[in-house]
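Notes follow the structure.
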Amino acid sequence: MAIRKRGTTWWIDITTPGGHRVRQSAETTDRKAAQELHDRLKNDLWRQVKLGDKPKHTWEDAALRWLNEQAHKASIRDDAKKIELLTPFFRRLPLTELTWDRMQSVVEGQEGDKAPATRNRYYQLLRSILRRAMREWNWIDTVPTIRLHREPEGRVRYLTPREIDTLLRNLPEHLRVLTRFTFATGLRRANVPELKWSQIDMPRQMMTVAARDIKSRKTLGIPLNATAMEILGAQIGKHAEYVFVYKGQPLNATVNTAWRNAL
């Protein structure tokens, strides 16, 4: 039977001209829609076997392969979050139909109130996935031209000493200590909340950030100045494993209501 029902969902069952059996969910309760999907898939499979057409890989195929191949990246979680937002709009869409207009409609529609740089990160991820699909996976022949928004050039500005003092005064104690340490070491904020004592060498006045937590994937040694050492000294005894804690528990985020209010 070409299509059959399991529960309330229709499933597709096709045998290709080459004898390969394809069984997959149509992801619909509508029989007519399931039949249309079956007919289109059967035609595509026939053309692949008889005419040598390339398989029509979908957005999900590309997204999954990208996540698997880029699992080593420090920013893979950011990629996964973006893919999670995009997938409902590109579900089962062949890569050949992922046009600039379609991408722009989704990104601007969902992230239109965000800064140009934020929207550009979505466009850059889409471009990277499509280029990989063309150049390395040989799934598509061309990639649409993707136009990025103009972004401010370089760093906008630094905080002044007075602004730093004002920020610190308006933070609750646990975030004030953590933020002072961040200023003292120059670390990215993400590397500080879950800092462990095992990373600290008090006698040598050094700390280590593991390669997995650094974008360059290289273990980083950070010298600790007098301010950083003073802060660490005050944290001794508060927790056996973690340096910075709140009510006896390790910190897992700093971007919260208190942080936004202080800003």
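By convention in this document, the chains of the structure tokens carry letters A, B, ... by their order, each chain's residues are numbered from 1, and ligands are numbered from 1 in the order they are shown.
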
**OP:** For Arg6 in chain A, list every protein, DNA or RNA residue within 10 Å, evaluated using only C-alpha atoms, and leave out those in the same chain fewer than 5 positions away; present the list as a VMD selection string.
**Re:** chain A and resid 11 25 29

Would you mind exporting C-alpha atoms of the selected residues as a compact mmCIF listing (two decimals), in the first residue's frame?
```
# COMPACT_ATOMS: atom_id res chain seq x y z
CA TRP A 11 2.87 6.95 6.59
CA SER A 25 6.00 9.45 8.27
CA THR A 29 -3.41 13.50 9.43
```

Subject >> range 66-69 of chain A surroundings by only C-alpha atoms, 8 Å radius, close-in-sequence under 4 positions cut, as a ChimeraX atom specification >> reply: /A:62,76,79-80,129

**OP:** Between A:Ala226, A:Ile231, A:Val107, A:Leu95, single out the one closest to Asp141 in chain A, counting only C-alpha atoms.
**Re:**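 Between A:Ala226, A:Ile231, A:Val107, A:Leu95, the residue approaching Asp141 in chain A most closely is A:Leu95.
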
Original post:
Of the candidates A:Leu85, A:Ala133, A:Ala228, A:Ala34, which shows the shortest atom-to-atom distance to Asp61 in chain A, using only C-alpha atoms?
Top reply: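 Of A:Leu85, A:Ala133, A:Ala228, A:Ala34, the one nearest Asp61 in chain A is A:Ala133, counting only C-alpha atoms.
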
Subject >> Residue with smallest distance to Tyr158 in chain A - pool A:Pro203, A:Arg176, A:Ser75, A:Phe183, counting only C-alpha atoms >> reply: A:Phe183

Subject >> Distance query Ala184 in chain A at most 12 Å, only C-alpha atoms, self and fewer than 2 positions along chain excluded, as number ranges by chain >> reply: A: 164, 177-182, 186-189, 192, 222-232

Could the residues in this selection be written to a file with C-alpha atoms, as a compact mmCIF listing (two decimals), in the first residue's frame?
```
# COMPACT_ATOMS: atom_id res chain seq x y z
CA ILE A 164 32.30 50.70 36.11
CA VAL A 177 32.07 40.07 43.17
CA LEU A 178 31.82 38.05 39.96
CA THR A 179 31.84 41.20 37.77
CA ARG A 180 34.86 42.68 39.60
CA PHE A 181 36.72 39.43 38.91
CA THR A 182 35.73 39.60 35.24
CA GLY A 186 39.60 40.32 31.17
CA LEU A 187 37.73 37.02 30.82
CA ARG A 188 34.54 36.56 28.86
CA ARG A 189 31.58 36.56 31.22
CA VAL A 192 33.45 33.07 35.13
CA ILE A 222 45.50 33.80 32.94
CA PRO A 223 47.79 35.73 35.34
CA LEU A 224 45.92 36.98 38.41
CA ASN A 225 46.56 40.54 39.55
CA ALA A 226 46.21 41.85 43.10
CA THR A 227 42.49 42.60 42.68
CA ALA A 228 41.75 39.11 41.39
CA MET A 229 43.75 37.52 44.23
CA GLU A 230 41.91 39.64 46.79
CA ILE A 231 38.55 38.52 45.41
CA LEU A 232 39.58 34.86 45.39
```

**OP:** Report as a PyMOL selection string: the residues of range 67-251 of chain A with a DSSP assignment of alpha helix (DSSP H), based on the backbone of this structure.
**Re:** chain A and resi 67-69+76-90+100-111+116-135+161-169+173-185+226-235

Please, could you write that set of residues out with C-alpha atoms as a short mmCIF file (atom, residue, chain, number, x, y, z; two decimals), in the first residue's frame?
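Below is the file that was written, again-v5.cif:
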```cif
data_model
loop_
_atom_site.label_atom_id
_atom_site.label_comp_id
_atom_site.auth_asym_id
_atom_site.auth_seq_id
_atom_site.Cartn_x
_atom_site.Cartn_y
_atom_site.Cartn_z
CA LEU A 67 25.40 19.89 13.83
CA ASN A 68 27.16 16.52 13.68
CA GLU A 69 30.15 17.82 11.75
CA ILE A 76 27.70 24.84 18.52
CA ARG A 77 24.99 25.54 21.11
CA ASP A 78 24.34 28.90 19.47
CA ASP A 79 24.03 27.17 16.10
CA ALA A 80 21.61 24.64 17.57
CA LYS A 81 19.39 27.37 19.03
CA LYS A 82 19.23 29.19 15.70
CA ILE A 83 18.46 25.96 13.85
CA GLU A 84 15.72 25.18 16.36
CA LEU A 85 14.07 28.54 15.61
CA LEU A 86 14.40 28.17 11.82
CA THR A 87 13.30 24.55 11.43
CA PRO A 88 9.51 25.02 11.86
CA PHE A 89 9.59 27.41 8.88
CA PHE A 90 11.82 25.24 6.66
CA TRP A 100 16.93 34.34 -0.36
CA ASP A 101 13.35 35.65 -0.25
CA ARG A 102 12.27 32.74 1.94
CA MET A 103 15.23 33.12 4.29
CA GLN A 104 14.76 36.87 4.55
CA SER A 105 11.06 36.49 5.27
CA VAL A 106 11.73 34.13 8.18
CA VAL A 107 14.72 35.92 9.73
CA GLU A 108 13.26 39.41 9.46
CA GLY A 109 9.85 38.18 10.57
CA GLN A 110 11.13 36.41 13.67
CA GLU A 111 14.15 38.55 14.56
CA PRO A 116 21.36 43.97 12.67
CA ALA A 117 24.25 41.94 14.08
CA THR A 118 21.82 39.41 15.58
CA ARG A 119 19.99 38.95 12.29
CA ASN A 120 23.31 38.67 10.47
CA ARG A 121 24.30 35.71 12.64
CA TYR A 122 21.26 33.83 11.27
CA TYR A 123 22.12 34.73 7.70
CA GLN A 124 25.76 33.71 8.19
CA LEU A 125 24.73 30.34 9.60
CA LEU A 126 22.38 29.71 6.67
CA ARG A 127 25.08 30.71 4.20
CA SER A 128 27.64 28.43 5.86
CA ILE A 129 25.29 25.43 5.81
CA LEU A 130 24.34 25.98 2.16
CA ARG A 131 27.95 26.47 1.09
CA ARG A 132 28.92 23.24 2.83
CA ALA A 133 26.01 21.49 1.09
CA MET A 134 27.29 22.73 -2.28
CA ARG A 135 31.08 22.52 -1.92
CA PRO A 161 36.02 54.05 35.44
CA ARG A 162 33.04 56.04 36.72
CA GLU A 163 30.61 53.83 34.75
CA ILE A 164 32.30 50.70 36.11
CA ASP A 165 31.92 52.00 39.68
CA THR A 166 28.26 52.84 39.07
CA LEU A 167 27.58 49.40 37.58
CA LEU A 168 29.24 47.62 40.51
CA ARG A 169 27.36 49.69 43.10
CA GLU A 173 26.79 41.30 46.18
CA HIS A 174 27.15 37.92 44.43
CA LEU A 175 27.12 39.53 40.97
CA ARG A 176 29.31 42.45 42.10
CA VAL A 177 32.07 40.07 43.17
CA LEU A 178 31.82 38.05 39.96
CA THR A 179 31.84 41.20 37.77
CA ARG A 180 34.86 42.68 39.60
CA PHE A 181 36.72 39.43 38.91
CA THR A 182 35.73 39.60 35.24
CA PHE A 183 37.09 43.15 34.97
CA ALA A 184 40.28 42.14 36.79
CA THR A 185 41.04 39.18 34.51
CA ALA A 226 46.21 41.85 43.10
CA THR A 227 42.49 42.60 42.68
CA ALA A 228 41.75 39.11 41.39
CA MET A 229 43.75 37.52 44.23
CA GLU A 230 41.91 39.64 46.79
CA ILE A 231 38.55 38.52 45.41
CA LEU A 232 39.58 34.86 45.39
CA GLY A 233 40.82 35.09 48.97
CA ALA A 234 37.43 36.33 50.09
CA GLN A 235 35.68 33.41 48.33
#
```

**OP:** DSSP on the backbone, then: every residue of range 164-238 of chain A marked strand (DSSP E), written as a list in words.
**Re:**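 Selection result, strand (DSSP E) within range 164-238 of chain A: Ile200, Asp201, Met206, Met207, Thr208, Val209, Leu220, Gly221, Ile222 and Pro223 of chain A.
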
Output for the residues just chosen: N, CA and C atoms as a PDB file, in the first residue's frame:
```
ATOM      1  N   ILE A 200      42.333  27.187  39.673  1.00  0.00           N
ATOM      2  CA  ILE A 200      43.088  28.254  40.320  1.00  0.00           C
ATOM      3  C   ILE A 200      44.363  27.710  40.940  1.00  0.00           C
ATOM      4  N   ASP A 201      45.473  28.376  40.677  1.00  0.00           N
ATOM      5  CA  ASP A 201      46.756  28.066  41.314  1.00  0.00           C
ATOM      6  C   ASP A 201      47.140  29.294  42.134  1.00  0.00           C
ATOM      7  N   MET A 206      47.886  32.147  39.187  1.00  0.00           N
ATOM      8  CA  MET A 206      47.472  31.838  37.819  1.00  0.00           C
ATOM      9  C   MET A 206      46.149  31.077  37.857  1.00  0.00           C
ATOM     10  N   MET A 207      45.388  31.212  36.780  1.00  0.00           N
ATOM     11  CA  MET A 207      44.214  30.371  36.593  1.00  0.00           C
ATOM     12  C   MET A 207      44.221  29.819  35.178  1.00  0.00           C
ATOM     13  N   THR A 208      43.513  28.721  34.975  1.00  0.00           N
ATOM     14  CA  THR A 208      43.484  28.046  33.678  1.00  0.00           C
ATOM     15  C   THR A 208      42.055  27.960  33.175  1.00  0.00           C
ATOM     16  N   VAL A 209      41.855  28.264  31.902  1.00  0.00           N
ATOM     17  CA  VAL A 209      40.567  28.067  31.239  1.00  0.00           C
ATOM     18  C   VAL A 209      40.754  26.942  30.233  1.00  0.00           C
ATOM     19  N   LEU A 220      43.999  28.136  28.052  1.00  0.00           N
ATOM     20  CA  LEU A 220      44.470  29.504  28.281  1.00  0.00           C
ATOM     21  C   LEU A 220      44.888  29.684  29.739  1.00  0.00           C
ATOM     22  N   GLY A 221      46.105  30.213  29.940  1.00  0.00           N
ATOM     23  CA  GLY A 221      46.583  30.542  31.279  1.00  0.00           C
ATOM     24  C   GLY A 221      46.420  32.036  31.521  1.00  0.00           C
ATOM     25  N   ILE A 222      45.785  32.392  32.645  1.00  0.00           N
ATOM     26  CA  ILE A 222      45.499  33.795  32.945  1.00  0.00           C
ATOM     27  C   ILE A 222      46.258  34.212  34.207  1.00  0.00           C
ATOM     28  N   PRO A 223      47.141  35.224  34.126  1.00  0.00           N
ATOM     29  CA  PRO A 223      47.788  35.726  35.345  1.00  0.00           C
ATOM     30  C   PRO A 223      46.768  36.485  36.191  1.00  0.00           C
TER      31      PRO A 223
END
```

Original post:
Looking at only C-alpha atoms, which of A:Asn261, A:Asn43, A:Thr28, A:Asn138 is the one that sits closest to Gly7 in chain A?
Top reply: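 When distances to Gly7 in chain A are compared using only C-alpha atoms, the smallest one comes from A:Thr28.
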
Original post:
Suppose you want the space between CA of Leu251 in chain A and CA of Glu194 in chain A; what is it in Å?
Top reply: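 The value is 6.2 Å.
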
Original post:
Closest to His149 in chain A among A:His72, A:Lys114, A:Arg91, A:Arg40, using only C-alpha atoms?
Top reply: A:Lys114

**OP:** For each of A:Leu148, A:Ala74, A:Val245, A:Val143, take the minimum atom-to-atom distance to Glu97 in chain A, counting only C-alpha atoms, then give the residue where this is smallest.
**Re:**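 Among the listed residues, A:Val143 lies closest to Glu97 in chain A.
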